[in-house]
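Coordinates from upload.cif are shown below (mmCIF, C-alpha atoms and all ligand atoms).
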data_upload
#
loop_
_atom_site.label_atom_id
_atom_site.label_comp_id
_atom_site.auth_asym_id
_atom_site.auth_seq_id
_atom_site.Cartn_x
_atom_site.Cartn_y
_atom_site.Cartn_z
CA MET P 1 0.00 0.00 0.00
CA THR P 2 1.27 3.49 -0.81
CA TYR P 3 1.77 5.88 2.11
CA ALA P 4 0.26 9.13 0.87
CA PRO P 5 -0.94 11.19 3.84
CA PHE P 6 -0.13 14.43 2.06
CA ASP P 7 -2.82 13.88 -0.53
CA LEU P 8 -5.55 15.99 1.10
CA THR P 9 -8.35 14.92 -1.25
CA GLY P 10 -11.68 15.20 0.58
CA LYS P 11 -10.28 17.30 3.43
CA VAL P 12 -11.54 20.86 3.96
CA ALA P 13 -9.08 23.49 5.21
CA LEU P 14 -10.21 26.92 6.42
CA VAL P 15 -7.56 29.67 6.30
CA THR P 16 -8.36 33.09 7.72
CA GLY P 17 -6.32 35.81 6.04
CA GLY P 18 -5.90 33.35 3.18
CA ASN P 19 -6.04 35.91 0.40
CA ARG P 20 -2.37 36.99 0.65
CA GLY P 21 0.86 36.61 2.57
CA ILE P 22 1.48 33.60 4.80
CA GLY P 23 -2.18 32.52 4.62
CA LEU P 24 -2.06 32.33 0.84
CA GLY P 25 1.25 30.46 1.03
CA MET P 26 -0.34 27.82 3.27
CA ALA P 27 -3.55 27.68 1.23
CA SER P 28 -1.57 27.27 -2.01
CA ALA P 29 0.30 24.20 -0.78
CA MET P 30 -2.89 22.61 0.58
CA ALA P 31 -4.74 23.37 -2.68
CA ALA P 32 -1.89 21.78 -4.64
CA SER P 33 -2.35 18.73 -2.38
CA ASN P 34 -6.00 18.63 -3.52
CA ALA P 35 -7.64 19.92 -0.35
CA ASP P 36 -10.89 21.86 -0.53
CA ILE P 37 -10.03 25.37 0.62
CA ALA P 38 -12.13 28.04 2.33
CA ILE P 39 -10.48 31.42 2.73
CA TRP P 40 -11.71 34.36 4.79
CA GLY P 41 -10.56 37.95 4.38
CA ARG P 42 -12.18 41.37 4.36
CA LYS P 43 -11.30 42.51 0.84
CA ASP P 44 -13.51 41.05 -1.89
CA ALA P 45 -11.07 41.76 -4.73
CA ALA P 46 -8.19 40.04 -2.93
CA ASN P 47 -10.46 37.12 -2.03
CA ALA P 48 -11.57 36.71 -5.66
CA ALA P 49 -7.98 36.88 -6.97
CA ALA P 50 -6.88 34.25 -4.45
CA VAL P 51 -9.77 31.92 -5.35
CA GLU P 52 -8.80 32.17 -9.01
CA GLU P 53 -5.14 31.44 -8.24
CA LEU P 54 -5.85 28.58 -5.80
CA SER P 55 -8.42 26.92 -8.09
CA LYS P 56 -5.73 26.26 -10.69
CA LEU P 57 -3.48 24.35 -8.28
CA GLY P 58 -5.38 21.15 -7.49
CA THR P 59 -8.61 19.25 -7.81
CA GLY P 60 -10.36 20.62 -4.70
CA ASN P 61 -13.16 23.12 -4.38
CA VAL P 62 -12.02 26.68 -3.46
CA LYS P 63 -14.31 29.36 -2.03
CA ALA P 64 -13.90 32.66 -0.20
CA TRP P 65 -15.99 34.51 2.35
CA SER P 66 -15.81 38.19 3.16
CA VAL P 67 -15.36 38.13 6.94
CA ASP P 68 -13.96 40.52 9.52
CA VAL P 69 -12.70 38.18 12.24
CA ALA P 70 -12.94 41.02 14.76
CA ASP P 71 -16.75 40.71 14.49
CA GLU P 72 -17.99 37.79 16.59
CA GLN P 73 -21.35 37.45 14.85
CA ALA P 74 -19.66 37.52 11.43
CA VAL P 75 -17.35 34.69 12.51
CA ILE P 76 -20.25 32.61 13.85
CA GLU P 77 -22.22 33.07 10.62
CA ALA P 78 -19.22 32.50 8.34
CA THR P 79 -18.35 29.25 10.14
CA ALA P 80 -21.92 27.98 9.67
CA ASP P 81 -21.86 29.05 5.98
CA THR P 82 -18.46 27.44 5.44
CA VAL P 83 -19.60 24.14 6.96
CA SER P 84 -22.85 24.14 5.02
CA SER P 85 -21.16 25.04 1.72
CA MET P 86 -18.01 22.90 2.01
CA GLY P 87 -19.60 20.03 4.00
CA ARG P 88 -17.20 20.16 6.97
CA ILE P 89 -14.03 21.78 8.32
CA ASP P 90 -11.13 19.38 8.93
CA SER P 91 -8.48 21.98 9.66
CA CYS P 92 -8.69 25.62 10.68
CA PHE P 93 -5.75 28.00 10.38
CA ALA P 94 -6.39 31.13 12.49
CA ASN P 95 -3.92 33.23 10.55
CA ALA P 96 -5.59 36.63 9.99
CA GLY P 97 -3.61 39.24 11.84
CA ILE P 98 -2.44 42.82 12.06
CA GLY P 99 0.72 44.23 13.59
CA LEU P 100 0.27 47.69 15.05
CA GLY P 101 3.16 49.13 17.03
CA ALA P 102 3.92 52.50 18.61
CA PRO P 103 6.89 54.90 18.70
CA SER P 104 7.60 53.60 22.22
CA PHE P 105 5.88 51.49 24.89
CA SER P 106 5.20 54.63 26.95
CA GLU P 107 3.37 56.15 24.00
CA MET P 108 1.33 53.05 23.15
CA THR P 109 -2.31 54.05 23.17
CA THR P 110 -5.22 52.02 24.38
CA GLU P 111 -6.58 52.23 20.83
CA ILE P 112 -3.48 50.46 19.45
CA TRP P 113 -3.74 47.86 22.24
CA ARG P 114 -7.41 47.20 21.49
CA LYS P 115 -6.99 47.01 17.71
CA ASN P 116 -4.32 44.34 18.03
CA MET P 117 -6.45 42.46 20.55
CA ALA P 118 -9.60 42.68 18.43
CA VAL P 119 -8.12 40.94 15.39
CA ASN P 120 -5.26 38.81 16.70
CA MET P 121 -6.68 37.65 20.02
CA GLU P 122 -10.48 37.90 19.92
CA GLY P 123 -10.63 37.16 16.20
CA ALA P 124 -8.51 34.04 16.65
CA PHE P 125 -10.55 33.03 19.72
CA TRP P 126 -13.87 33.25 17.89
CA THR P 127 -12.49 31.56 14.77
CA LEU P 128 -11.01 28.66 16.73
CA ARG P 129 -13.97 28.31 19.09
CA GLU P 130 -16.47 27.99 16.24
CA SER P 131 -14.37 25.49 14.27
CA VAL P 132 -13.65 23.43 17.39
CA LYS P 133 -17.39 23.42 18.22
CA HIS P 134 -18.09 21.94 14.78
CA MET P 135 -15.29 19.35 15.17
CA VAL P 136 -16.53 18.27 18.62
CA GLU P 137 -20.10 17.84 17.34
CA ARG P 138 -18.76 15.72 14.51
CA ALA P 139 -16.66 13.66 16.92
CA LYS P 140 -19.67 13.02 19.15
CA ASN P 141 -21.35 11.53 16.08
CA GLY P 142 -18.43 9.14 15.61
CA ASP P 143 -16.38 11.19 13.12
CA ILE P 144 -13.35 12.08 15.26
CA GLY P 145 -10.41 14.24 14.25
CA GLY P 146 -9.50 17.77 13.27
CA SER P 147 -6.60 20.17 13.38
CA VAL P 148 -6.60 23.75 14.58
CA VAL P 149 -3.62 26.00 14.11
CA GLY P 150 -2.89 29.44 15.52
CA VAL P 151 -0.46 31.52 13.47
CA ALA P 152 1.35 33.39 16.24
CA SER P 153 4.83 34.95 16.00
CA LEU P 154 8.33 34.84 17.42
CA ALA P 155 7.18 38.11 18.98
CA GLY P 156 5.09 35.97 21.33
CA ILE P 157 8.19 34.45 22.94
CA GLU P 158 10.86 37.09 22.36
CA GLY P 159 11.00 40.72 23.44
CA ALA P 160 9.35 42.88 20.78
CA ALA P 161 10.27 46.50 21.42
CA ARG P 162 7.51 49.00 20.54
CA ASN P 163 5.18 46.08 19.74
CA GLN P 164 4.12 44.89 23.18
CA ALA P 165 0.41 44.83 22.31
CA TYR P 166 1.07 42.70 19.24
CA SER P 167 3.39 40.37 21.13
CA ALA P 168 0.85 40.00 23.95
CA THR P 169 -1.71 38.76 21.41
CA LYS P 170 0.73 36.23 20.03
CA GLY P 171 1.87 34.96 23.42
CA GLY P 172 -1.79 34.69 24.38
CA LEU P 173 -2.57 32.76 21.22
CA THR P 174 0.09 30.11 21.89
CA ALA P 175 -1.23 29.72 25.44
CA MET P 176 -4.77 29.33 24.09
CA MET P 177 -3.62 26.68 21.60
CA ARG P 178 -2.09 24.60 24.41
CA GLY P 179 -5.34 24.72 26.36
CA ILE P 180 -7.35 23.71 23.29
CA ALA P 181 -4.93 20.82 22.72
CA VAL P 182 -5.32 19.43 26.24
CA GLU P 183 -9.11 19.75 26.32
CA HIS P 184 -9.83 18.25 22.90
CA GLY P 185 -7.32 15.45 22.47
CA ARG P 186 -10.06 12.99 23.44
CA TYR P 187 -11.89 13.91 20.22
CA GLY P 188 -8.80 13.43 18.08
CA ILE P 189 -8.61 17.21 17.66
CA ARG P 190 -5.09 18.53 17.82
CA ALA P 191 -4.02 22.15 18.31
CA ASN P 192 -0.67 23.70 17.47
CA SER P 193 0.88 27.13 16.95
CA ILE P 194 3.11 28.25 14.10
CA LEU P 195 5.60 30.99 14.98
CA PRO P 196 6.92 32.76 11.89
CA GLY P 197 10.14 34.76 12.01
CA TRP P 198 10.75 37.56 9.50
CA ILE P 199 8.60 36.91 6.44
CA ALA P 200 8.33 39.04 3.29
CA THR P 201 4.65 40.02 3.16
CA ASP P 202 2.65 43.26 3.17
CA MET P 203 2.92 43.28 6.97
CA THR P 204 6.71 43.73 6.84
CA ASP P 205 6.77 46.08 3.86
CA ALA P 206 8.52 48.93 5.70
CA ALA P 207 11.20 46.63 7.15
CA GLN P 208 11.85 45.09 3.73
CA ASN P 209 12.67 48.56 2.42
CA SER P 210 15.02 49.42 5.27
CA ASP P 211 18.77 49.06 4.79
CA VAL P 212 19.29 49.24 8.55
CA PHE P 213 16.90 46.33 9.05
CA ALA P 214 18.62 44.29 6.33
CA SER P 215 22.06 44.82 7.86
CA LYS P 216 21.09 44.42 11.51
CA VAL P 217 18.38 41.75 11.38
CA ILE P 218 18.21 39.81 8.12
CA SER P 219 22.00 39.39 8.14
CA ARG P 220 21.52 37.44 11.41
CA VAL P 221 19.11 34.92 9.88
CA PRO P 222 21.22 31.75 9.46
CA ILE P 223 19.45 30.88 6.20
CA ARG P 224 20.39 34.41 5.07
CA ARG P 225 17.19 35.64 3.53
CA TRP P 226 13.67 36.78 4.31
CA GLY P 227 11.17 33.97 4.75
CA GLU P 228 8.59 33.66 1.98
CA PRO P 229 4.90 32.69 2.25
CA GLU P 230 5.66 29.45 0.41
CA ASP P 231 7.98 28.45 3.28
CA PHE P 232 4.80 27.75 5.29
CA GLY P 233 3.27 25.38 2.74
CA GLY P 234 4.87 22.16 3.92
CA MET P 235 3.92 22.72 7.56
CA ALA P 236 0.34 23.57 6.59
CA VAL P 237 -0.02 20.39 4.52
CA TYR P 238 1.45 18.34 7.36
CA LEU P 239 -0.84 19.85 10.01
CA ALA P 240 -3.90 19.44 7.77
CA SER P 241 -3.02 15.81 7.06
CA ASP P 242 -3.40 12.57 8.98
CA ALA P 243 0.42 12.46 9.25
CA SER P 244 0.06 14.88 12.18
CA LYS P 245 -2.73 12.99 13.98
CA TYR P 246 -0.61 12.47 17.12
CA HIS P 247 1.02 15.91 17.04
CA SER P 248 -0.59 18.36 19.43
CA GLY P 249 0.14 21.16 21.86
CA THR P 250 3.35 22.38 20.24
CA THR P 251 4.77 25.64 18.94
CA LEU P 252 6.44 25.23 15.56
CA ILE P 253 9.01 27.89 14.73
CA ILE P 254 9.65 28.72 11.06
CA ASP P 255 12.27 31.44 11.07
CA GLY P 256 15.31 30.27 9.09
CA GLY P 257 17.09 29.61 12.41
CA TYR P 258 16.86 33.24 13.62
CA SER P 259 15.71 32.43 17.15
CA VAL P 260 18.58 30.08 17.95
CA PHE P 261 21.40 32.30 16.70
P1 LIG C 301 -0.43 40.21 5.61
O1 LIG C 301 -0.59 41.60 6.09
O2 LIG C 301 0.33 39.93 4.39
O3 LIG C 301 -1.87 39.52 5.46
C1 LIG C 301 -2.81 39.62 6.49
C2 LIG C 301 -4.01 38.77 6.12
O4 LIG C 301 -4.96 38.84 7.19
C3 LIG C 301 -4.71 39.27 4.87
O5 LIG C 301 -5.19 38.16 4.15
C4 LIG C 301 -5.86 40.09 5.43
O6 LIG C 301 -6.93 40.11 4.49
C5 LIG C 301 -6.21 39.31 6.69
N1 LIG C 301 -6.84 40.10 7.72
C6 LIG C 301 -6.32 41.16 8.39
N2 LIG C 301 -7.23 41.64 9.27
C7 LIG C 301 -8.35 40.88 9.13
C8 LIG C 301 -9.63 40.87 9.74
N3 LIG C 301 -9.97 41.77 10.67
N4 LIG C 301 -10.52 39.94 9.35
C9 LIG C 301 -10.19 39.02 8.41
N5 LIG C 301 -9.01 38.97 7.79
C10 LIG C 301 -8.10 39.90 8.15
O7 LIG C 301 0.16 39.42 6.87
P2 LIG C 301 1.11 38.13 6.96
O8 LIG C 301 0.77 37.16 5.92
O9 LIG C 301 2.49 38.61 7.13
O10 LIG C 301 0.66 37.60 8.40
C11 LIG C 301 -0.15 36.45 8.59
C12 LIG C 301 -0.05 36.07 10.05
O11 LIG C 301 1.31 35.77 10.35
C13 LIG C 301 -0.47 37.18 11.00
O12 LIG C 301 -1.21 36.63 12.07
C14 LIG C 301 0.85 37.75 11.49
O13 LIG C 301 0.74 38.32 12.76
C15 LIG C 301 1.72 36.51 11.49
N6 LIG C 301 3.15 36.80 11.42
C16 LIG C 301 3.70 37.42 10.33
C17 LIG C 301 5.07 37.67 10.30
C18 LIG C 301 5.76 38.32 9.14
O14 LIG C 301 6.98 38.56 9.22
N7 LIG C 301 5.09 38.63 8.03
C19 LIG C 301 5.93 37.31 11.43
C20 LIG C 301 5.23 36.67 12.51
C21 LIG C 301 3.90 36.42 12.48
P3 LIG C 301 -7.88 41.41 4.28
O15 LIG C 301 -6.99 42.59 4.27
O16 LIG C 301 -8.61 41.16 3.00
O17 LIG C 301 -8.80 41.38 5.45
#
Turn this file's structure into structure tokens for me.
Amino acid sequence: MTYAPFDLTGKVALVTGGNRGIGLGMASAMAASNADIAIWGRKDAANAAAVEELSKLGTGNVKAWSVDVADEQAVIEATADTVSSMGRIDSCFANAGIGLGAPSFSEMTTEIWRKNMAVNMEGAFWTLRESVKHMVERAKNGDIGGSVVGVASLAGIEGAARNQAYSATKGGLTAMMRGIAVEHGRYGIRANSILPGWIATDMTDAAQNSDVFASKVISRVPIRRWGEPEDFGGMAVYLASDASKYHSGTTLIIDGGYSVF
């Protein structure tokens, strides 16, 4: 018998923030492995472009929903719509995020704090809670299994100057993932965090154009380059697949070796 766990035919993966950046990188690899893909993002044009791109990669069904994850009711309704349209959710990647910093910690406003919390912490909480609810219901009917993934950040475990609100959301997310893992293992549902390092996306646009950043930070990445969204494809396929069915409660760092140098 052939061992082919990375063929995701028949599995449905939900990726929030799947219309660009790291989310699109993960969705692309899973689409190429024939998963059915649901992406959520706020911008209709970006969603439509991503659906067109992803649809060419594999044999699965690809659909997008316009959802602001910072809106609890929108997340509840979009989860129900996704399940009813795609049939089920096997894996959920809570990836949508923003990174708002301040000139200094002392000048960080409550508004900046709350904006980061609204998308990265509450948005991830609602997204994960609704998908897990669906997976538990399924498990109680004899169909066990599921994978939920929180896309956090190295900022959640390292000191992030001028970005304490952002880093608090990411540290909180990894803690939440561990709690989800412990509570839901009995249903075959596993929960893990991915911690990206420095990745070339819209979020890091300013840093990518900074010579100081290139000489002081990117030069210290052992693999000697910015990470790319496609660098997250393999991990996404693995976590969406049955190959990871005993892998839960961990934080997976993808940073070109930056954090150990
Ligand atoms: P991008 O800015 O490139 O993309 C962000 C994605 O999130 C877009 O698809 C965007 O879609 C979506 N999004 C943002 N806000 C919302 C919202 N309120 N509701 C729904 N979707 C939303 O970011 P990255 O790809 O770089 O980041 C992805 C994740 O990785 C984030 O959680 C980020 O914190 C994390 N990360 C990134 C790092 C990096 O170096 N790039 C490093 C560490 C972690 P739309 O605009 O259409 O809503």
- Please write out the residues within 8 Å of ligand LIG 301 (chain C) as a ChimeraX atom specification, counting all atoms listed in the file. /P:16-24,40-44,46-47,66-71,94-99,118-120,123,151-155,166,170,195-204,227,229
- Task: For each of P:Ala181, P:Ser248, P:Leu239, P:Lys133, take the minimum atom-to-atom distance to P:Val83, counting only C-alpha atoms, then give the residue where this is smallest.
- Result: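 Among the listed residues, the smallest separation from P:Val83 belongs to P:Lys133.
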- For P:Thr79, the closest of P:Asn34, P:Pro103, P:Asn61, P:Val15 counting all atoms listed in the file is P:Val15
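Minimum atom-to-atom distance to P:Ile144, evaluated using only C-alpha atoms, belongs to P:Ile89 out of P:Ala161, P:Ile254, P:Ile37, P:Ile89.
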- Query: Could you name the residues that touch P:Gly233 at 7 Å or less, counting only C-alpha atoms, but leaving out those on the same chain fewer than 4 positions away, as a VMD selection string?
  - Reply: chain P and resid 25 to 26 29 237
Mind dumping the selected residues with C-alpha atoms as a compact mmCIF listing (two decimals), keeping the file's coordinate frame?
# COMPACT_ATOMS: atom_id res chain seq x y z
CA GLY P 25 1.25 30.46 1.03
CA MET P 26 -0.34 27.82 3.27
CA ALA P 29 0.30 24.20 -0.78
CA VAL P 237 -0.02 20.39 4.52
- atom CA of P:Val51 to atom CA of P:Asp143: how many Å, to one decimal? 28.5 Å
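Here atom CA of P:Met135 and atom CA of P:Arg88 stand 8.5 Å from one another.
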- Item | One-decimal distance in Å that lies between atom CA of P:Phe232 and atom CA of P:Asn116 | 22.8 Å
- Query: Using all atoms listed in the file, which of the listed residues (P:Thr169, P:Thr9, P:Thr250, P:Gln208) sits closest to P:Val182?
  - Reply: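 Closest residue, counting all atoms listed in the file: P:Thr250.
Comparing the minimum interatomic distances between P:Asn192 and each of P:Pro5, P:Gly179, P:Gly156, P:Gly101, counting all atoms listed in the file, we find that P:Gly179 sits nearest.
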- Message: With all atoms listed in the file as the counted atoms, please give the residues lying no more than 9 Å from P:Ser147, apart from itself and same-chain residues fewer than 3 positions off, as a PyMOL selection string.
- Response: chain P and resi 90-93+132+135+188-192+239-241+244-245+248
- Message: Is it possible to get the residues within 8 Å of (-13.1, 16.5, 0.3) (coordinates as in the file, counting all atoms listed in the file) written as a list in words?
- Response: Leu8, Thr9, Gly10, Lys11, Val12, Ala35, Asp36 and Gly60 of chain P
Could stretch 8-25 of chain P be completed with N, CA and C atoms and written as a PDB file, in the frame of the given file, please?
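So the final result, stored in part-v4.pdb, reads:
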ATOM      1  N   LEU P   8      -4.474  15.499   0.226  1.00  0.00           N
ATOM      2  CA  LEU P   8      -5.550  15.990   1.100  1.00  0.00           C
ATOM      3  C   LEU P   8      -6.923  15.905   0.427  1.00  0.00           C
ATOM      4  N   THR P   9      -7.066  15.070  -0.561  1.00  0.00           N
ATOM      5  CA  THR P   9      -8.350  14.920  -1.250  1.00  0.00           C
ATOM      6  C   THR P   9      -9.458  14.621  -0.241  1.00  0.00           C
ATOM      7  N   GLY P  10     -10.533  15.422  -0.308  1.00  0.00           N
ATOM      8  CA  GLY P  10     -11.680  15.200   0.580  1.00  0.00           C
ATOM      9  C   GLY P  10     -11.568  15.933   1.898  1.00  0.00           C
ATOM     10  N   LYS P  11     -10.422  16.555   2.175  1.00  0.00           N
ATOM     11  CA  LYS P  11     -10.280  17.300   3.430  1.00  0.00           C
ATOM     12  C   LYS P  11     -10.523  18.792   3.164  1.00  0.00           C
ATOM     13  N   VAL P  12     -11.217  19.428   4.103  1.00  0.00           N
ATOM     14  CA  VAL P  12     -11.540  20.860   3.960  1.00  0.00           C
ATOM     15  C   VAL P  12     -10.678  21.667   4.937  1.00  0.00           C
ATOM     16  N   ALA P  13      -9.933  22.622   4.384  1.00  0.00           N
ATOM     17  CA  ALA P  13      -9.080  23.490   5.210  1.00  0.00           C
ATOM     18  C   ALA P  13      -9.619  24.925   5.150  1.00  0.00           C
ATOM     19  N   LEU P  14      -9.813  25.514   6.321  1.00  0.00           N
ATOM     20  CA  LEU P  14     -10.210  26.920   6.420  1.00  0.00           C
ATOM     21  C   LEU P  14      -8.980  27.745   6.789  1.00  0.00           C
ATOM     22  N   VAL P  15      -8.703  28.798   6.012  1.00  0.00           N
ATOM     23  CA  VAL P  15      -7.560  29.670   6.300  1.00  0.00           C
ATOM     24  C   VAL P  15      -8.057  31.104   6.408  1.00  0.00           C
ATOM     25  N   THR P  16      -7.987  31.677   7.603  1.00  0.00           N
ATOM     26  CA  THR P  16      -8.360  33.090   7.720  1.00  0.00           C
ATOM     27  C   THR P  16      -7.148  33.925   7.278  1.00  0.00           C
ATOM     28  N   GLY P  17      -7.432  35.055   6.624  1.00  0.00           N
ATOM     29  CA  GLY P  17      -6.320  35.810   6.040  1.00  0.00           C
ATOM     30  C   GLY P  17      -5.653  35.007   4.936  1.00  0.00           C
ATOM     31  N   GLY P  18      -6.464  34.242   4.210  1.00  0.00           N
ATOM     32  CA  GLY P  18      -5.900  33.350   3.180  1.00  0.00           C
ATOM     33  C   GLY P  18      -5.771  34.000   1.814  1.00  0.00           C
ATOM     34  N   ASN P  19      -6.082  35.293   1.734  1.00  0.00           N
ATOM     35  CA  ASN P  19      -6.040  35.910   0.400  1.00  0.00           C
ATOM     36  C   ASN P  19      -4.670  36.484   0.025  1.00  0.00           C
ATOM     37  N   ARG P  20      -3.739  36.520   0.958  1.00  0.00           N
ATOM     38  CA  ARG P  20      -2.370  36.990   0.650  1.00  0.00           C
ATOM     39  C   ARG P  20      -1.417  36.561   1.755  1.00  0.00           C
ATOM     40  N   GLY P  21      -0.140  36.855   1.536  1.00  0.00           N
ATOM     41  CA  GLY P  21       0.860  36.610   2.570  1.00  0.00           C
ATOM     42  C   GLY P  21       0.970  35.147   2.984  1.00  0.00           C
ATOM     43  N   ILE P  22       1.249  34.944   4.265  1.00  0.00           N
ATOM     44  CA  ILE P  22       1.480  33.600   4.800  1.00  0.00           C
ATOM     45  C   ILE P  22       0.238  32.715   4.608  1.00  0.00           C
ATOM     46  N   GLY P  23      -0.941  33.294   4.793  1.00  0.00           N
ATOM     47  CA  GLY P  23      -2.180  32.520   4.620  1.00  0.00           C
ATOM     48  C   GLY P  23      -2.301  31.967   3.214  1.00  0.00           C
ATOM     49  N   LEU P  24      -1.983  32.793   2.235  1.00  0.00           N
ATOM     50  CA  LEU P  24      -2.060  32.330   0.840  1.00  0.00           C
ATOM     51  C   LEU P  24      -0.978  31.279   0.569  1.00  0.00           C
ATOM     52  N   GLY P  25       0.188  31.461   1.188  1.00  0.00           N
ATOM     53  CA  GLY P  25       1.250  30.460   1.030  1.00  0.00           C
ATOM     54  C   GLY P  25       0.802  29.099   1.556  1.00  0.00           C
TER      55      GLY P  25
END
